[in-house]
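Structure file model.csv with CSV, C-alpha atoms:
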chain,number,residue,atom,x,y,z
A,1,MET,CA,-1.9,-8.2,2.7
A,2,ASP,CA,-1.0,-4.5,2.4
A,3,SER,CA,-4.1,-2.4,1.5
A,4,LYS,CA,-2.0,0.5,0.3
A,5,ASP,CA,-1.0,-1.4,-2.8
A,6,PHE,CA,-4.5,-1.1,-4.3
A,7,ILE,CA,-5.6,2.3,-2.9
A,8,SER,CA,-4.9,5.3,-5.1
A,9,ASP,CA,-2.8,8.3,-3.8
A,10,GLU,CA,-5.8,10.5,-4.2
A,11,ILE,CA,-7.7,8.5,-1.7
A,12,LEU,CA,-4.8,8.4,0.7
A,13,LYS,CA,-4.5,12.2,0.6
A,14,GLN,CA,-8.0,12.5,2.1
A,15,PHE,CA,-6.7,11.4,5.5
A,16,LYS,CA,-5.2,14.1,7.8
A,17,THR,CA,-3.8,11.8,10.5
A,18,GLY,CA,-2.2,8.4,10.8
A,19,ASP,CA,-5.1,7.3,12.9
A,20,GLU,CA,-7.6,8.2,10.2
A,21,LEU,CA,-5.6,6.3,7.7
A,22,MET,CA,-5.2,3.2,10.0
A,23,SER,CA,-9.0,3.2,10.6
A,24,PHE,CA,-9.7,3.2,6.9
A,25,LEU,CA,-7.1,0.5,6.2
A,26,THR,CA,-8.6,-1.6,8.9
A,27,SER,CA,-12.1,-1.3,7.5
A,28,ILE,CA,-10.8,-2.2,4.0
A,29,GLN,CA,-9.1,-5.3,5.3
A,30,LYS,CA,-12.2,-6.3,7.3
A,31,ARG,CA,-14.4,-6.0,4.2
A,32,GLY,CA,-11.8,-8.0,2.2
A,33,ILE,CA,-11.7,-10.8,4.7
A,34,GLU,CA,-15.5,-11.0,4.8
A,35,LYS,CA,-15.6,-11.1,1.0
A,36,ILE,CA,-13.1,-14.0,1.0
A,37,LEU,CA,-15.2,-15.9,3.5
A,38,GLU,CA,-18.3,-15.4,1.4
A,39,GLY,CA,-16.3,-16.8,-1.6
A,40,GLU,CA,-15.3,-19.8,0.5
A,41,MET,CA,-18.9,-20.4,1.4
A,42,ASP,CA,-19.9,-20.2,-2.2
A,43,SER,CA,-17.3,-22.9,-3.1
A,44,HIS,CA,-18.3,-25.0,-0.1
A,45,LEU,CA,-22.0,-25.0,-1.0
A,46,GLY,CA,-21.5,-25.2,-4.8
A,47,TYR,CA,-23.6,-22.1,-5.6
A,48,GLU,CA,-23.6,-18.4,-5.1
A,49,LYS,CA,-25.6,-16.4,-2.7
A,50,HIS,CA,-29.3,-15.9,-3.6
A,51,ASP,CA,-29.2,-18.7,-6.2
A,52,LYS,CA,-32.2,-21.1,-6.0
A,53,THR,CA,-30.6,-24.5,-6.4
A,54,GLY,CA,-32.6,-26.8,-4.0
A,55,ALA,CA,-29.2,-27.9,-2.6
A,56,PRO,CA,-29.5,-30.0,0.7
A,57,ASN,CA,-27.2,-27.5,2.5
A,58,SER,CA,-27.6,-23.8,2.6
A,59,ARG,CA,-26.5,-20.6,4.4
A,60,ASN,CA,-27.6,-20.0,7.9
A,61,GLY,CA,-26.7,-16.4,8.8
A,62,PHE,CA,-23.4,-15.3,10.4
A,63,SER,CA,-21.5,-15.7,13.6
A,64,ASN,CA,-19.3,-12.9,15.1
A,65,LYS,CA,-15.6,-13.6,15.5
A,66,LYS,CA,-12.8,-11.5,16.9
A,67,ILE,CA,-9.6,-11.8,14.9
A,68,LYS,CA,-6.0,-10.4,15.0
A,69,THR,CA,-4.6,-8.9,11.8
A,70,SER,CA,-1.7,-6.7,10.9
A,71,PHE,CA,-3.9,-3.7,11.8
A,72,GLY,CA,-4.8,-5.1,15.3
A,73,GLU,CA,-7.9,-6.8,16.6
A,74,ASP,CA,-11.3,-6.5,14.8
A,75,ASN,CA,-14.7,-8.2,14.8
A,76,ILE,CA,-15.8,-9.9,11.6
A,77,GLN,CA,-18.9,-11.8,10.4
A,78,VAL,CA,-18.2,-15.4,9.5
A,79,PRO,CA,-20.9,-17.1,7.4
A,80,ARG,CA,-22.5,-20.3,8.7
A,81,ASP,CA,-24.2,-23.2,6.9
A,82,ARG,CA,-27.2,-25.3,8.2
A,83,ASP,CA,-25.4,-28.6,8.7
A,84,GLY,CA,-22.3,-27.0,10.3
A,85,SER,CA,-19.8,-28.5,7.9
A,86,PHE,CA,-18.3,-25.2,6.7
A,87,SER,CA,-14.7,-24.7,7.9
A,88,PRO,CA,-13.1,-21.6,6.5
A,89,MET,CA,-9.5,-21.7,5.4
A,90,LEU,CA,-8.9,-18.0,5.8
A,91,VAL,CA,-9.9,-17.9,9.5
A,92,PRO,CA,-9.8,-21.5,10.7
A,93,LYS,CA,-12.1,-22.6,13.5
A,94,ARG,CA,-10.7,-22.0,17.0
A,95,LYS,CA,-8.1,-19.7,15.6
A,96,GLY,CA,-8.1,-15.9,15.8
A,97,MET,CA,-5.4,-15.0,13.2
A,98,ALA,CA,-6.4,-14.1,9.7
A,99,GLU,CA,-3.4,-15.8,8.1
A,100,GLY,CA,-5.2,-17.9,5.6
A,101,ILE,CA,-4.8,-15.5,2.7
A,102,GLU,CA,-1.0,-15.5,3.2
A,103,ASN,CA,-1.0,-19.3,3.4
A,104,ILE,CA,-3.1,-19.6,0.2
A,105,ILE,CA,-0.7,-17.2,-1.6
A,106,ILE,CA,2.4,-19.1,-0.4
A,107,SER,CA,0.8,-22.5,-1.4
A,108,LEU,CA,0.0,-21.2,-4.9
A,109,TYR,CA,3.5,-19.8,-5.2
A,110,SER,CA,5.1,-23.1,-4.1
A,111,ARG,CA,3.2,-24.8,-7.0
A,112,GLY,CA,5.0,-22.7,-9.5
A,113,MET,CA,2.4,-20.0,-10.1
A,114,SER,CA,3.8,-16.5,-10.9
A,115,ASN,CA,2.8,-13.4,-8.9
A,116,SER,CA,0.4,-12.3,-11.7
A,117,ASP,CA,-1.2,-15.7,-11.9
A,118,ILE,CA,-1.8,-15.7,-8.2
A,119,GLU,CA,-3.2,-12.2,-8.4
A,120,ASN,CA,-5.7,-13.4,-11.0
A,121,GLN,CA,-6.5,-16.6,-9.1
A,122,ILE,CA,-7.3,-14.6,-5.9
A,123,ARG,CA,-9.4,-12.2,-7.8
A,124,ASP,CA,-11.4,-15.0,-9.6
A,125,LEU,CA,-11.9,-17.0,-6.4
A,126,TYR,CA,-12.6,-14.3,-3.9
A,127,ASN,CA,-13.4,-11.1,-5.8
A,128,VAL,CA,-10.6,-9.4,-3.9
A,129,GLU,CA,-7.7,-7.4,-5.3
A,130,VAL,CA,-4.3,-8.3,-4.1
A,131,SER,CA,-1.5,-6.6,-6.0
A,132,THR,CA,1.6,-8.4,-7.3
A,133,SER,CA,3.8,-6.2,-5.1
A,134,THR,CA,1.8,-7.4,-2.0
A,135,ILE,CA,2.1,-11.0,-3.2
A,136,SER,CA,5.9,-10.5,-3.6
A,137,ARG,CA,6.2,-9.1,-0.1
A,138,ILE,CA,4.3,-12.1,1.3
A,139,THR,CA,6.5,-14.6,-0.5
A,140,ASN,CA,9.6,-12.6,0.3
A,141,ALA,CA,8.9,-13.2,4.0
A,142,ILE,CA,9.8,-16.8,3.3
A,143,THR,CA,13.4,-15.7,2.9
A,144,GLU,CA,13.7,-15.2,6.7
A,145,ASP,CA,12.3,-18.7,7.2
A,146,ILE,CA,14.9,-20.1,4.7
A,147,VAL,CA,17.8,-18.5,6.6
A,148,ALA,CA,16.5,-19.9,10.0
A,149,TRP,CA,15.9,-23.3,8.5
A,150,GLN,CA,19.3,-23.4,6.7
A,151,ASN,CA,21.1,-22.5,9.9
A,152,ARG,CA,19.2,-24.8,12.3
A,153,PRO,CA,21.2,-27.3,14.3
A,154,LEU,CA,21.3,-30.8,12.9
A,155,GLU,CA,21.5,-34.2,14.7
A,156,ASP,CA,24.8,-35.7,15.9
A,157,VAL,CA,24.7,-38.7,13.5
A,158,TYR,CA,22.7,-39.6,10.4
A,159,LEU,CA,22.4,-43.3,9.3
A,160,ILE,CA,22.3,-42.5,5.6
A,161,VAL,CA,22.7,-39.1,3.8
A,162,TRP,CA,21.8,-38.9,0.1
A,163,LEU,CA,23.5,-36.1,-1.8
A,164,ASP,CA,22.6,-34.8,-5.2
A,165,GLY,CA,22.3,-31.7,-7.3
A,166,ILE,CA,19.5,-30.2,-9.5
A,167,VAL,CA,20.2,-27.6,-12.2
A,168,PHE,CA,18.1,-24.4,-12.8
A,169,LYS,CA,18.4,-21.5,-15.1
A,170,VAL,CA,19.0,-18.3,-13.3
A,171,ARG,CA,19.5,-14.7,-14.7
A,172,GLU,CA,22.7,-13.1,-13.8
A,173,GLN,CA,24.0,-9.8,-15.3
A,174,SER,CA,21.6,-9.9,-18.3
A,175,LYS,CA,22.5,-13.5,-19.0
A,176,VAL,CA,20.7,-16.8,-18.2
A,177,ILE,CA,23.1,-19.3,-16.8
A,178,ASN,CA,22.9,-22.8,-15.2
A,179,LYS,CA,23.2,-23.0,-11.5
A,180,THR,CA,23.0,-26.0,-9.2
A,181,ILE,CA,20.9,-26.4,-6.1
A,182,TYR,CA,22.8,-28.9,-3.9
A,183,ILE,CA,20.4,-31.0,-1.8
A,184,ALA,CA,21.1,-33.3,1.2
A,185,ILE,CA,18.6,-35.7,2.7
A,186,GLY,CA,19.4,-37.5,6.0
A,187,LEU,CA,17.9,-40.6,7.5
A,188,ARG,CA,17.6,-39.9,11.3
A,189,GLN,CA,17.8,-42.3,14.2
A,190,ASP,CA,14.0,-42.5,14.4
A,191,GLY,CA,13.8,-43.7,10.8
A,192,ILE,CA,12.3,-40.5,9.4
A,193,LYS,CA,13.8,-38.7,6.4
A,194,GLU,CA,14.8,-35.0,6.7
A,195,VAL,CA,16.0,-32.5,4.1
A,196,LEU,CA,19.2,-31.2,5.8
A,197,GLY,CA,19.7,-28.1,3.6
A,198,LEU,CA,19.8,-26.4,0.2
A,199,TRP,CA,23.0,-24.8,-1.2
A,200,LEU,CA,23.2,-22.8,-4.4
A,201,GLY,CA,26.3,-22.9,-6.5
A,202,TRP,CA,27.7,-23.2,-10.0
A,203,LYS,CA,28.1,-26.5,-11.9
A,204,GLU,CA,28.1,-29.5,-9.6
A,205,SER,CA,31.6,-30.1,-8.3
A,206,SER,CA,33.4,-32.0,-5.5
A,207,SER,CA,34.9,-28.7,-4.3
A,208,PHE,CA,31.5,-27.2,-3.7
A,209,TRP,CA,30.3,-30.4,-2.0
A,210,MET,CA,33.2,-29.9,0.4
A,211,SER,CA,31.7,-26.6,1.5
A,212,VAL,CA,28.3,-28.3,1.9
A,213,LEU,CA,29.6,-31.1,4.0
A,214,THR,CA,31.7,-28.6,6.1
A,215,ASP,CA,28.5,-26.6,6.7
A,216,MET,CA,26.7,-29.7,7.9
A,217,LYS,CA,29.5,-30.5,10.3
A,218,ALA,CA,29.5,-26.9,11.6
A,219,ARG,CA,25.8,-27.3,12.3
A,220,GLY,CA,26.4,-30.3,14.6
A,221,VAL,CA,26.8,-33.5,12.4
A,222,ASN,CA,29.6,-35.6,14.0
A,223,ASP,CA,29.2,-38.7,11.8
A,224,ILE,CA,27.5,-40.0,8.7
A,225,LEU,CA,27.4,-43.8,8.6
A,226,ILE,CA,26.6,-44.1,4.9
A,227,THR,CA,26.6,-41.6,2.1
A,228,ALA,CA,24.7,-42.3,-1.2
A,229,THR,CA,26.0,-40.2,-4.1
A,230,ASP,CA,26.2,-40.0,-7.9
A,231,ASN,CA,29.6,-40.9,-9.5
A,232,LEU,CA,30.9,-37.3,-9.6
A,233,ASN,CA,34.7,-37.3,-10.0
A,234,GLY,CA,36.4,-36.9,-6.6
A,235,PHE,CA,33.2,-37.1,-4.6
A,236,THR,CA,34.3,-40.0,-2.4
A,237,GLU,CA,37.6,-38.4,-1.5
A,238,THR,CA,35.7,-35.2,-0.6
A,239,ILE,CA,33.4,-37.0,1.7
A,240,LYS,CA,36.3,-38.8,3.4
A,241,THR,CA,38.0,-35.5,4.1
A,242,VAL,CA,35.1,-34.2,6.2
A,243,PHE,CA,33.6,-37.5,7.5
A,244,PRO,CA,36.5,-40.0,7.2
A,245,GLN,CA,34.6,-43.0,8.6
A,246,SER,CA,31.6,-42.7,6.2
A,247,ASN,CA,30.9,-45.6,3.9
A,248,THR,CA,30.2,-44.2,0.4
A,249,GLN,CA,27.8,-45.9,-2.0
A,250,ILE,CA,27.7,-44.6,-5.6
A,251,CYS,CA,24.2,-44.8,-6.9
A,252,ILE,CA,23.6,-47.8,-9.1
A,253,VAL,CA,21.0,-46.0,-11.2
A,254,HIS,CA,23.5,-43.2,-12.0
A,255,GLN,CA,26.1,-45.8,-12.9
A,256,ILE,CA,23.7,-47.6,-15.3
A,257,ARG,CA,22.9,-44.3,-17.1
A,258,ASN,CA,26.5,-43.4,-17.3
A,259,ALA,CA,27.5,-46.8,-18.6
A,260,CYS,CA,24.7,-46.8,-21.2
A,261,LYS,CA,25.6,-43.3,-22.5
A,262,PHE,CA,27.5,-44.5,-25.5
A,263,VAL,CA,25.9,-47.9,-26.0
A,264,SER,CA,24.0,-48.3,-29.3
A,265,TYR,CA,20.2,-48.8,-29.1
A,266,LYS,CA,20.3,-52.3,-30.5
A,267,ASP,CA,22.8,-53.4,-27.7
A,268,ARG,CA,21.0,-51.5,-24.9
A,269,LYS,CA,18.7,-54.4,-23.8
A,270,PRO,CA,21.3,-57.2,-23.5
A,271,PHE,CA,23.9,-54.7,-22.1
A,272,THR,CA,21.6,-53.6,-19.2
A,273,ALA,CA,20.6,-57.2,-18.6
A,274,ASP,CA,24.2,-58.2,-18.1
A,275,MET,CA,24.7,-55.2,-15.7
A,276,LYS,CA,21.7,-56.3,-13.7
A,277,LYS,CA,23.5,-59.6,-13.0
A,278,ILE,CA,26.2,-57.5,-11.3
A,279,TYR,CA,24.2,-55.4,-8.9
A,280,GLY,CA,21.5,-58.0,-8.5
A,281,ALA,CA,23.9,-60.6,-7.3
A,282,PRO,CA,23.4,-62.0,-3.8
A,283,THR,CA,27.1,-61.5,-2.7
A,284,LYS,CA,30.1,-59.4,-3.6
A,285,GLN,CA,31.9,-62.5,-4.8
A,286,SER,CA,29.1,-63.4,-7.2
A,287,ALA,CA,29.0,-59.8,-8.4
A,288,GLU,CA,32.7,-59.9,-9.2
A,289,ALA,CA,32.1,-63.1,-11.2
A,290,ALA,CA,29.2,-61.4,-13.1
A,291,PHE,CA,31.4,-58.4,-13.8
A,292,LYS,CA,34.1,-60.6,-15.3
A,293,ASP,CA,31.6,-62.1,-17.7
A,294,PHE,CA,30.2,-58.6,-18.4
A,295,ALA,CA,33.7,-57.3,-19.2
A,296,MET,CA,34.5,-60.3,-21.4
A,297,THR,CA,31.4,-59.7,-23.4
A,298,TRP,CA,31.4,-55.9,-23.8
A,299,GLU,CA,34.8,-54.4,-23.2
A,300,ASP,CA,36.1,-54.6,-26.8
A,301,LYS,CA,33.0,-52.8,-28.0
A,302,TYR,CA,32.3,-50.4,-25.2
A,303,PRO,CA,35.6,-50.0,-23.2
A,304,TYR,CA,34.5,-46.7,-21.6
A,305,SER,CA,31.3,-48.3,-20.1
A,306,VAL,CA,33.2,-51.3,-18.7
A,307,GLN,CA,36.0,-49.1,-17.3
A,308,SER,CA,33.5,-46.9,-15.5
A,309,TRP,CA,32.4,-50.0,-13.5
A,310,ARG,CA,36.1,-51.0,-12.9
A,311,THR,CA,37.1,-47.5,-11.7
A,312,ASN,CA,34.3,-47.1,-9.2
A,313,TRP,CA,34.0,-50.8,-8.2
A,314,ASP,CA,34.6,-50.4,-4.4
A,315,GLU,CA,32.0,-47.5,-4.1
A,316,LEU,CA,29.5,-49.3,-6.4
A,317,THR,CA,29.6,-52.5,-4.3
A,318,THR,CA,29.6,-51.0,-0.8
A,319,PHE,CA,26.0,-52.2,-0.3
A,320,PHE,CA,27.0,-55.8,-0.4
A,321,SER,CA,28.5,-55.4,3.1
A,322,PHE,CA,25.1,-54.8,4.5
A,323,PRO,CA,22.0,-56.9,5.1
A,324,LEU,CA,19.2,-56.9,2.5
A,325,GLU,CA,17.0,-54.5,4.4
A,326,ILE,CA,19.7,-51.9,4.5
A,327,ARG,CA,20.8,-52.5,0.9
A,328,LYS,CA,17.3,-51.7,-0.4
A,329,ILE,CA,17.5,-48.1,1.0
A,330,MET,CA,21.1,-47.3,0.3
A,331,TYR,CA,22.2,-48.5,-3.1
A,332,THR,CA,20.4,-45.8,-5.2
A,333,THR,CA,19.7,-42.1,-4.8
A,334,ASN,CA,16.1,-42.8,-5.9
A,335,LEU,CA,14.8,-41.1,-2.8
A,336,ILE,CA,16.5,-37.8,-3.6
A,337,GLU,CA,15.7,-38.2,-7.3
A,338,ASN,CA,12.0,-38.6,-6.5
A,339,LEU,CA,12.2,-35.4,-4.5
A,340,ASN,CA,13.9,-33.7,-7.4
A,341,GLY,CA,11.1,-34.8,-9.6
A,342,LYS,CA,8.5,-33.2,-7.3
A,343,ILE,CA,10.6,-30.0,-7.2
A,344,ARG,CA,10.6,-30.0,-11.0
A,345,LYS,CA,6.9,-30.5,-11.0
A,346,TYR,CA,6.3,-27.5,-8.7
A,347,THR,CA,8.8,-25.2,-10.6
A,348,LYS,CA,8.0,-26.3,-14.2
A,349,ASN,CA,6.2,-23.1,-15.0
A,350,LYS,CA,9.3,-21.1,-14.5
A,351,LEU,CA,11.7,-21.4,-17.5
A,352,SER,CA,14.3,-19.3,-15.6
A,353,PHE,CA,14.5,-17.4,-12.3
A,354,PRO,CA,15.3,-13.7,-12.1
A,355,THR,CA,17.6,-14.0,-9.0
A,356,ASP,CA,19.4,-16.5,-6.8
A,357,GLU,CA,17.0,-15.6,-4.0
A,358,SER,CA,14.0,-16.4,-6.2
A,359,VAL,CA,15.2,-19.9,-7.1
A,360,MET,CA,16.1,-20.7,-3.5
A,361,LYS,CA,12.6,-19.5,-2.4
A,362,SER,CA,10.8,-21.6,-5.0
A,363,VAL,CA,12.8,-24.8,-4.2
A,364,TYR,CA,12.4,-24.3,-0.5
A,365,LEU,CA,8.6,-24.0,-0.8
A,366,ALA,CA,8.5,-26.9,-3.2
A,367,ILE,CA,10.4,-29.1,-0.7
A,368,ARG,CA,8.0,-27.9,2.0
A,369,GLU,CA,5.1,-29.1,0.0
A,370,ALA,CA,6.8,-32.4,-1.2
A,371,THR,CA,7.9,-33.5,2.3
A,372,ARG,CA,4.6,-32.9,4.2
A,373,LYS,CA,4.1,-36.7,4.4
A,374,TRP,CA,7.6,-37.4,5.7
A,375,SER,CA,6.2,-38.2,9.2
A,376,MET,CA,6.6,-42.0,9.4
A,377,PRO,CA,9.7,-44.1,9.7
A,378,ILE,CA,10.8,-46.0,6.6
A,379,HIS,CA,9.4,-49.6,6.1
A,380,ASN,CA,10.5,-52.3,8.5
A,381,TRP,CA,12.4,-49.7,10.6
A,382,GLY,CA,12.6,-51.9,13.8
A,383,VAL,CA,14.7,-54.5,11.9
A,384,VAL,CA,16.7,-51.9,10.1
A,385,THR,CA,17.7,-49.9,13.2
A,386,ASN,CA,18.8,-53.0,15.0
A,387,GLN,CA,21.0,-54.0,12.0
A,388,PHE,CA,22.6,-50.5,12.1
A,389,ILE,CA,23.3,-50.8,15.8
A,390,ILE,CA,25.0,-54.3,15.3
A,391,ILE,CA,27.1,-53.1,12.4
A,392,PHE,CA,28.2,-49.7,13.6
A,393,GLY,CA,28.1,-50.1,17.4
A,394,GLU,CA,29.3,-47.1,19.4
A,395,ARG,CA,29.4,-44.9,16.4
A,396,LEU,CA,25.6,-45.0,16.6
A,397,THR,CA,24.8,-45.9,20.2
A,398,ASN,CA,27.0,-43.1,21.7
A,399,PHE,CA,24.6,-40.6,20.0
A,400,MET,CA,21.3,-42.4,20.5
A,401,LYS,CA,18.6,-40.5,22.2
A,402,ALA,CA,17.2,-41.9,25.5
Would you mind writing the file's structure down as structure tokens?
Amino acid sequence: MDSKDFISDEILKQFKTGDELMSFLTSIQKRGIEKILEGEMDSHLGYEKHDKTGAPNSRNGFSNKKIKTSFGEDNIQVPRDRDGSFSPMLVPKRKGMAEGIENIIISLYSRGMSNSDIENQIRDLYNVEVSTSTISRITNAITEDIVAWQNRPLEDVYLIVWLDGIVFKVREQSKVINKTIYIAIGLRQDGIKEVLGLWLGWKESSSFWMSVLTDMKARGVNDILITATDNLNGFTETIKTVFPQSNTQICIVHQIRNACKFVSYKDRKPFTADMKKIYGAPTKQSAEAAFKDFAMTWEDKYPYSVQSWRTNWDELTTFFSFPLEIRKIMYTTNLIENLNGKIRKYTKNKLSFPTDESVMKSVYLAIREATRKWSMPIHNWGVVTNQFIIIFGERLTNFMKA
């Protein structure tokens, strides 16, 4: 936090040298940190200092701690409780860096709070003034993290990559327009999911996806075994241009929505039940038979819906070439749509974004929050990875880590 943001010019003029000013700013930060720690203790105990509550736990003096801040090293007093259960967020135990306030601000920002809302929250919780300009500078530091993250090297091969876009309203030249954040999630060789990157563009198009895939290749991706996408026109051809051996699976959920777009409400239930017989079939042959029945029943009434299945048939039925365990994780983009839902949850308070940078920053932070638990392989990974090895052979084994 920058103490200058909430110190008047009149006070600053009192200092004749830079050392005097630095000493003053250090003392201000020290008092601010100690006030925040007191606030954390109040929250931990459930009552404020000097209140007579008869609570089982209570304050037990202070301990001295040396910390490093943006103004150098300093000694502060950290409050203690009698049962030793107090663990401050601002200055964690066994750590000497007072970075907690920045982490709190970034965490609140990632959940969709505006700078002014964060300012009020910090004031209410800790009785410390942090200006909106300081909050902005703290969150702006994330931009450097985004650049490093977006340009990091990727793995040689991904088993499955899910590709989708999510639309946001962004202000540009006094107008609010729709822009698309392009998102790619990869399934690594260890069975763990990873967001490969974020790219901001205009309306979702296969031409922009070309630049996304080219960027991924430039960052080290040699092969993608399976891609899962929506049914955007020209998407499959675009993928084949960059990763010619990739098997493309169009998301069944997207197809169902697209096919139902012009179906009347009274026909919706039997129509979707007949579609389920197609994608729920045990083999591609039985799916073809189910599609013939579906077309015979509905084509006269809803020719567009039936034709959408016929046009995309090969990419809609790619999953039938794989064992059941792989089918379950590849035939929809539910994974990426679930992530999109969490992004929407974290950014719902922002009706529009003032700049491209602000929407990228918010989505990046939302993803960081939403993917914290992505640390375990997907279900039944031992079986799944062996199936991939049998099916793809050297395309996978040549890049497998020892």
Cut-off 10 Å: closest stretch 263-382 of chain A/stretch 151-160 of chain A atom pairs per residue, using only C-alpha atoms, as a tab-separated table:
residue	atom	partner	partner_atom	distance
A:Ile326	CA	A:Ile160	CA	9.8
A:Ile329	CA	A:Ile160	CA	8.7
A:Met330	CA	A:Ile160	CA	7.3
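The residue that comes closest to A:Tyr364, out of A:Met400, A:Ala281, A:Leu200, A:Met275 and on the basis of all atoms listed in the file, is A:Leu200.
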For the point (0.1, -18.0, -5.6) in file coordinates, what residues are within 9 Å, counting all atoms listed in the file? Give the answer as a PyMOL selection string? chain A and resi 104-119+121-122+135+139
Point out the residue among A:Glu172, A:Glu204, A:Glu337, A:Glu357 with the least atom-to-atom distance to A:Ile185, counting all atoms listed in the file.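 The shortest atom-to-atom distance to A:Ile185 comes from A:Glu337.
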Anything within 10 Å of (23.8, -57.6, -18.4): list those residues as a ChimeraX atom specification, counting all atoms listed in the file and sticking to the file's coordinates. /A:268-279,290-291,293-295,297-298
With C-alpha atoms retained, write the just-selected residues as a PDB file, keeping the file's coordinate frame.
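Below is the file again-v6.pdb, written as the result:
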ATOM      1  CA  ARG A 268      21.000 -51.500 -24.900  1.00  0.00           C
ATOM      2  CA  LYS A 269      18.700 -54.400 -23.800  1.00  0.00           C
ATOM      3  CA  PRO A 270      21.300 -57.200 -23.500  1.00  0.00           C
ATOM      4  CA  PHE A 271      23.900 -54.700 -22.100  1.00  0.00           C
ATOM      5  CA  THR A 272      21.600 -53.600 -19.200  1.00  0.00           C
ATOM      6  CA  ALA A 273      20.600 -57.200 -18.600  1.00  0.00           C
ATOM      7  CA  ASP A 274      24.200 -58.200 -18.100  1.00  0.00           C
ATOM      8  CA  MET A 275      24.700 -55.200 -15.700  1.00  0.00           C
ATOM      9  CA  LYS A 276      21.700 -56.300 -13.700  1.00  0.00           C
ATOM     10  CA  LYS A 277      23.500 -59.600 -13.000  1.00  0.00           C
ATOM     11  CA  ILE A 278      26.200 -57.500 -11.300  1.00  0.00           C
ATOM     12  CA  TYR A 279      24.200 -55.400  -8.900  1.00  0.00           C
ATOM     13  CA  ALA A 290      29.200 -61.400 -13.100  1.00  0.00           C
ATOM     14  CA  PHE A 291      31.400 -58.400 -13.800  1.00  0.00           C
ATOM     15  CA  ASP A 293      31.600 -62.100 -17.700  1.00  0.00           C
ATOM     16  CA  PHE A 294      30.200 -58.600 -18.400  1.00  0.00           C
ATOM     17  CA  ALA A 295      33.700 -57.300 -19.200  1.00  0.00           C
ATOM     18  CA  THR A 297      31.400 -59.700 -23.400  1.00  0.00           C
ATOM     19  CA  TRP A 298      31.400 -55.900 -23.800  1.00  0.00           C
TER      20      TRP A 298
END
All residues 8 Å or closer to A:Lys179, all atoms listed in the file, same chain fewer than 5 positions away omitted, as a CSV table (one decimal) with C-alpha atoms, in the frame of the given file:
chain,number,residue,atom,x,y,z
A,167,VAL,CA,20.2,-27.6,-12.2
A,168,PHE,CA,18.1,-24.4,-12.8
A,169,LYS,CA,18.4,-21.5,-15.1
A,170,VAL,CA,19.0,-18.3,-13.3
A,200,LEU,CA,23.2,-22.8,-4.4
A,201,GLY,CA,26.3,-22.9,-6.5
A,202,TRP,CA,27.7,-23.2,-10.0
A,203,LYS,CA,28.1,-26.5,-11.9
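Counting all atoms listed in the file, the residue from A:Pro56, A:Pro88, A:Gly197, A:Pro323 that sits nearest to A:Leu163 is A:Gly197.
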Between atom CA of A:Ser63 and atom CA of A:His44, what is the spacing in Å?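 Separation between atom CA of A:His44 and atom CA of A:Ser63: 16.9 Å.
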